[in-house]
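*Asks:* My structure is below; once you've seen it, I'll send some questions.
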Amino acid sequence: HTLIEPIYELSETMDIRGQKKTVVLAGYRTVKRALVNHAEEFGGREVTPIFYDCNKGHGILFSNGDSWKEMRRFALTTLRDFGMGNKVSEGKIIEECHYLMEEFEQREGKPFNNALTIHYAASNVISAIMFGKRFEYKDPVFQAMVERDNESIRLIGTASILIYNVFPWLGPRLKNWRVLMKNVEANKEELKRIIVDLKETLNPEMCRCFVDAFLTRKLNLEESEIQDSHYHDDNLIYSVTNLFAAGTDTTGNTLKWGLLFMAKYPHFQDQVQEELSRVVGSREVRVEDRKNMPYTDAVIHETQRLANIVPMAIPHKTSRDVTFQGFFIEEGTTVFPLLTSVLHDESEWESPNSFNPSHFLDREGTFIRRDAFMPFSAGRRACLGESLARMELFLFFTSLLQRFRFTPPPGVKEEELDLTPAVGFILSPSPHELCAVSRQ
Ligand code: HEM
């Protein structure tokens with residue numbers, strides 16, 4: 001009520017029918033045709049007012065043009081150099097699994113909310129690549145950073161911020177906007193401190209992490225007196241904030257959904273644990289085990305499909321005029337590729353709204369890829385952390401299930417576990433408690 005009233009008053013002087021033309025892409029075929037077959041035309045990013053406030057047009061997620069192209073290319077190659085998708089990140093993730101399991105072990109099978117611990121673990125994997133170090137889960141500065149990111153991502157999906165995107169002059173009047181701006185500034189300051197420390201000990205001959213590689217590239221360009229390079233402080237700070245946020249909440253929430261599904265559907269958990277015992281036994285799980293674990297792989301894919309954590313992707317924008325499926329769409333039109341409509345497309349999935357790992361298995365139990373599996377989106381703007389995220393999900397999920405049995409708290413029945421997502425820009429499970437009962 002308090003929110004609606006002032007808007008109504010203020011809007012009397014302006015046209016409130018909506019100022020921006022928007023196209024919503026729905027269903028697997030349409031989304032794929034647009035993002036893949038017309039990758040260039042549908043590959044711009046719509047930088048809504050809130051995303052502009054948080055990034056000022058820099059970084060990777062909410063930028064366009066040559067700066068975006070250069071930052072995306074640099075991030076992809078540098079993340080790969082520092083381990084994304086290879087043995088180096090496998091080692092870092094396995095190390096983090098141990099810390100995560102230790103934390104769960106300390107709960108001695110009693111009910112607890114695993115959300116923050118899981119986010120710390122996911123955050124440490126990307127931190128190791130970005131800064132060359134992990135943080136202690138009890139480190140208050142690290143805790144505050146992760147919690148601020150969590151809160152910001154939730155706030156971006158709230159009604160008042162969505163309204164702010166239409167009426168940006170409301171900004172400072174909205175509490176959620178003020179909290180968001182405070183969080184963004186605080187995290188920027190924290191990351192700047194980390195970057196200053198790395199700068200002081202930088203050895204361009206021996207880069208330790210993403211930040212070192214960026215600083216070295218910047219130095220080299222300055223020495224060659226190249227003007228107007230995209231390697232400036234703003235692009236560094238916003239690329240780092242983007243990767244830190246994009247790499248934490250997404251993987252963390254998917255893992256939380258996975259454990260919740262296992263507690264709710266114990267017969268699926270039985271089958272994952274049976275496969276783990278048969279293929280891995282009691283030794284450490286490795287990425288190469290995945291090809292021998294089709295059932296577990298299917299369960300992880302099904303978790304991503306049903307959890308559908310980025311339901312509207314991140315808004316796109318047409319980069320030029322395009323005629324698509326008989327419609328003329330002008331350059332600069334906002335485009336929402338509804339990933340939810342792809343992941344739950346009734347013409348693609350046998351049981352779109354229920355947890356069913358068979359979506360990814362053939363009659364013989366062999367893993368099968370499905371084209372409509374698109375949680376990382378597709379085309380020019382597709383997630384650049386996909387290979388890291390997939391490795392994290394497999395190693396964290398299997399290591400946890402090898403060590404623990406996940407159950408509802410005593411007195412709570414499986415069917416009482418609530419799968420209603422908490423609304424936010426990313427869909428996370430509603431706050432809940434589970435028990436992690438040691439199997440050893
Ligand atoms: C389960 C985990 C993840 C999911 C489901 C996910 C999903 C997505 C989605 C749907 C997009 C938007 C694509 C579009 O606009 O069409 C995206 C973009 C992006 N993701 Fe991820 N992501 C995950 C993990 C990660 C990780 C671990 C990183 C960092 C290493 C990352 C970095 C990014 C970046 C930088 C973009 C922006 C790409 C651009 O605008 O060019 N993501 N992701």
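By order of appearance in the structure tokens: chains A, B, ..., then residues from 1 within every chain, and ligands from 1 in the order shown.
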Residues of range 399-431 of chain A within 12 Å of range 369-393 of chain A: nearest atom pair and distance (Å, one decimal) for each, counting only C-alpha atoms, sorted by chain and number, as a Markdown table?
*Replies:*
```
| residue | atom | partner | partner_atom | distance |
| --- | --- | --- | --- | --- |
| A:Ser399 | CA | A:Leu393 | CA | 9.9 |
| A:Leu400 | CA | A:Leu393 | CA | 10.6 |
| A:Leu401 | CA | A:Leu393 | CA | 11.9 |
| A:Ile426 | CA | A:Pro375 | CA | 11.8 |
```
*Asks:* Quick one: residues within 8 Å of Pro409 in chain A, only C-alpha atoms counted, chain neighbours fewer than 4 positions away excluded, as a list in words?
*Replies:*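 Contacts, in chain order: Lys110, Pro111, Glu433, Leu434 and Cys435 of chain A.
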*Asks:* Quick one: residues within 12 Å of Glu364 in chain A, only C-alpha atoms counted, chain neighbours fewer than 5 positions away excluded, as a PyMOL selection string?
*Replies:* chain A and resi 294-295+358
*Asks:* Go ahead and save the residues from that selection, with N, CA and C atoms, as a PDB file, in the first residue's frame.
*Replies:*
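File again-v8.pdb, as written:
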```pdb
ATOM      1  N   PRO A 294      25.920 -42.418 -14.984  1.00  0.00           N
ATOM      2  CA  PRO A 294      24.843 -41.780 -15.743  1.00  0.00           C
ATOM      3  C   PRO A 294      23.647 -41.387 -14.873  1.00  0.00           C
ATOM      4  N   TYR A 295      23.354 -42.204 -13.861  1.00  0.00           N
ATOM      5  CA  TYR A 295      22.178 -41.902 -13.044  1.00  0.00           C
ATOM      6  C   TYR A 295      22.371 -40.596 -12.271  1.00  0.00           C
ATOM      7  N   SER A 358      14.616 -39.614 -15.401  1.00  0.00           N
ATOM      8  CA  SER A 358      14.524 -40.358 -16.676  1.00  0.00           C
ATOM      9  C   SER A 358      14.505 -39.420 -17.880  1.00  0.00           C
TER      10      SER A 358
END
```
*Asks:* Sort by chain and increasing residue number a table of all residues of range 38-149 of chain A within 12 Å of range 160-172 of chain A, each with its closest pair of atoms and their distance in Å to one decimal, counting only C-alpha atoms, and write it as CSV.
*Replies:*
```
residue,atom,partner,partner_atom,distance
A:Glu46,CA,A:Asn165,CA,11.4
A:Val47,CA,A:Asn165,CA,9.9
A:Thr48,CA,A:Asn165,CA,6.1
A:Pro49,CA,A:Asn165,CA,5.4
A:Ile50,CA,A:Asn165,CA,6.3
A:Phe51,CA,A:Asn165,CA,9.1
A:Tyr52,CA,A:Asn165,CA,10.1
A:Asp53,CA,A:Gly171,CA,9.9
```
*Asks:* List every residue of range 202-380 of chain A that DSSP, applied to the backbone of this structure, places in helix (DSSP H, G or I), and write the result as a ChimeraX atom specification.
*Replies:* /A:210-223,233-264,266-279,287-292,294-307,339-343,357-360,379-380
*Asks:* When you look at Thr30 in chain A with a cut-off of 10 Å (counting only C-alpha atoms), what residues show up, excluding the ones that are within fewer than 5 positions of it in the same chain? I need them as an MDAnalysis selection string.
*Replies:* chainID A and resid 24:25 35:36 324:325 337:338 342
*Asks:* At a cut-off of 12 Å, using only C-alpha atoms, what residues contact Ile94 in chain A? Leave out same-chain residues fewer than 6 positions from it and give the result as a short mmCIF file (atom, residue, chain, number, x, y, z; two decimals) with C-alpha atoms, in the first residue's frame.
*Replies:*
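Contents of around_4.cif, as written:
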```
data_model
loop_
_atom_site.label_atom_id
_atom_site.label_comp_id
_atom_site.auth_asym_id
_atom_site.auth_seq_id
_atom_site.Cartn_x
_atom_site.Cartn_y
_atom_site.Cartn_z
CA LYS A 87 42.51 -30.39 -13.44
CA VAL A 88 43.48 -27.22 -11.59
CA LEU A 100 32.25 -28.08 3.36
CA MET A 101 31.94 -31.67 4.61
CA ALA A 121 31.95 -23.04 -0.52
CA ALA A 122 30.81 -21.93 -3.99
CA ASN A 124 35.62 -19.91 -2.41
CA VAL A 125 35.97 -21.75 -5.72
CA GLU A 284 37.58 -39.49 -3.41
CA VAL A 285 35.20 -38.71 -6.32
CA ARG A 286 36.91 -37.34 -9.46
CA VAL A 287 35.45 -35.59 -12.49
CA MET A 391 32.32 -29.37 -12.38
CA GLU A 392 31.40 -27.80 -9.04
CA LEU A 393 27.91 -29.26 -9.08
CA PHE A 394 29.16 -32.76 -9.81
CA LEU A 395 31.97 -32.77 -7.23
CA PHE A 396 30.09 -31.01 -4.40
CA PHE A 397 26.92 -33.05 -4.92
CA THR A 398 28.61 -36.45 -5.15
CA SER A 399 31.07 -35.79 -2.29
CA LEU A 400 28.24 -34.75 0.01
#
```
*Asks:* For a test of reading the model, state the distance in Å between CA of Tyr137 in chain A and CA of Thr117 in chain A, rounded to one decimal.
*Replies:*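 Interatomic distance here is 7.3 Å.
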*Asks:* Could you name the residues that touch Leu243 in chain A at 9 Å or less, counting only C-alpha atoms, but leaving out those on the same chain fewer than 6 positions away, as a PyMOL selection string?
*Replies:* chain A and resi 60-61+75+126+130+385
*Asks:* Generate the output file for the selected residues, N, CA and C atoms, as a PDB file, in the first residue's frame.
*Replies:*
```pdb
ATOM      1  N   ILE A  60      31.163  -7.374 -17.280  1.00  0.00           N
ATOM      2  CA  ILE A  60      30.780  -8.355 -18.307  1.00  0.00           C
ATOM      3  C   ILE A  60      29.262  -8.537 -18.417  1.00  0.00           C
ATOM      4  N   LEU A  61      28.623  -8.656 -17.251  1.00  0.00           N
ATOM      5  CA  LEU A  61      27.196  -9.008 -17.259  1.00  0.00           C
ATOM      6  C   LEU A  61      26.304  -7.925 -17.855  1.00  0.00           C
ATOM      7  N   ALA A  75      37.927 -12.622 -19.842  1.00  0.00           N
ATOM      8  CA  ALA A  75      37.491 -13.450 -18.707  1.00  0.00           C
ATOM      9  C   ALA A  75      37.520 -14.931 -19.082  1.00  0.00           C
ATOM     10  N   ILE A 126      35.357 -19.662  -6.801  1.00  0.00           N
ATOM     11  CA  ILE A 126      35.603 -18.538  -7.720  1.00  0.00           C
ATOM     12  C   ILE A 126      36.664 -17.598  -7.114  1.00  0.00           C
ATOM     13  N   MET A 130      39.892 -16.001  -8.840  1.00  0.00           N
ATOM     14  CA  MET A 130      39.981 -14.533  -8.966  1.00  0.00           C
ATOM     15  C   MET A 130      41.141 -13.950  -8.171  1.00  0.00           C
ATOM     16  N   GLY A 385      30.527 -19.225 -17.278  1.00  0.00           N
ATOM     17  CA  GLY A 385      31.082 -20.074 -16.217  1.00  0.00           C
ATOM     18  C   GLY A 385      30.549 -21.495 -16.260  1.00  0.00           C
TER      19      GLY A 385
END
```
*Asks:* Any idea what's packed within 12 Å of Thr323 in chain A, counting only C-alpha atoms, ignoring anything in its chain fewer than 3 positions away? Could you give it as an MDAnalysis selection string?
*Replies:* chainID A and resid 34 38 41:42 318 320 326:331
*Asks:* Rounded to one decimal place, report the CA of Leu116 in chain A-CA of Asn242 in chain A distance in Å.
*Replies:* 19.3 Å
*Asks:* Would you compute the distance between atom 8 (C, counted along the ligand's line) of ligand 1 and CA of Gln304 in chain A? Give it in Å to one decimal.
*Replies:*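 Atom-to-atom, atom 8 (C, counted along the ligand's line) of ligand 1 and CA of Gln304 in chain A are spaced 11.2 Å apart.
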*Asks:* Using only C-alpha atoms, what does the table of range 128-199 of chain A residues within 12 Å of range 234-237 of chain A look like, with each row giving the shortest atom pair and its distance in Å to one decimal, sorted by chain and ascending number, as a Markdown table?
*Replies:*
```
| residue | atom | partner | partner_atom | distance |
| --- | --- | --- | --- | --- |
| A:Met130 | CA | A:Leu236 | CA | 11.0 |
| A:Val184 | CA | A:Ile237 | CA | 11.5 |
| A:Glu185 | CA | A:Ile237 | CA | 11.3 |
| A:Asn187 | CA | A:Ile237 | CA | 10.1 |
| A:Lys188 | CA | A:Ile237 | CA | 7.1 |
| A:Glu189 | CA | A:Ile237 | CA | 9.5 |
| A:Glu190 | CA | A:Ile237 | CA | 10.4 |
| A:Leu191 | CA | A:Ile237 | CA | 7.3 |
| A:Lys192 | CA | A:Ile237 | CA | 7.0 |
| A:Arg193 | CA | A:Ile237 | CA | 10.7 |
| A:Ile194 | CA | A:Ile237 | CA | 10.5 |
| A:Ile195 | CA | A:Ile237 | CA | 8.4 |
| A:Val196 | CA | A:Ile237 | CA | 11.1 |
```
*Asks:* Counting only C-alpha atoms, figure out which residue out of A:Thr22, A:Ser63, A:Thr296, A:Asn114 gets nearest to Glu274 in chain A.
*Replies:*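 Residue with the minimum atom-to-atom distance to Glu274 in chain A: A:Thr296.
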*Asks:* For a quick check of understanding, using only C-alpha atoms, which of A:Gly59, A:Pro421, A:Gly247, A:Gly365 has the smallest distance to Asn292 in chain A?
*Replies:*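 Ranked by minimum distance to Asn292 in chain A, first place goes to A:Gly365.
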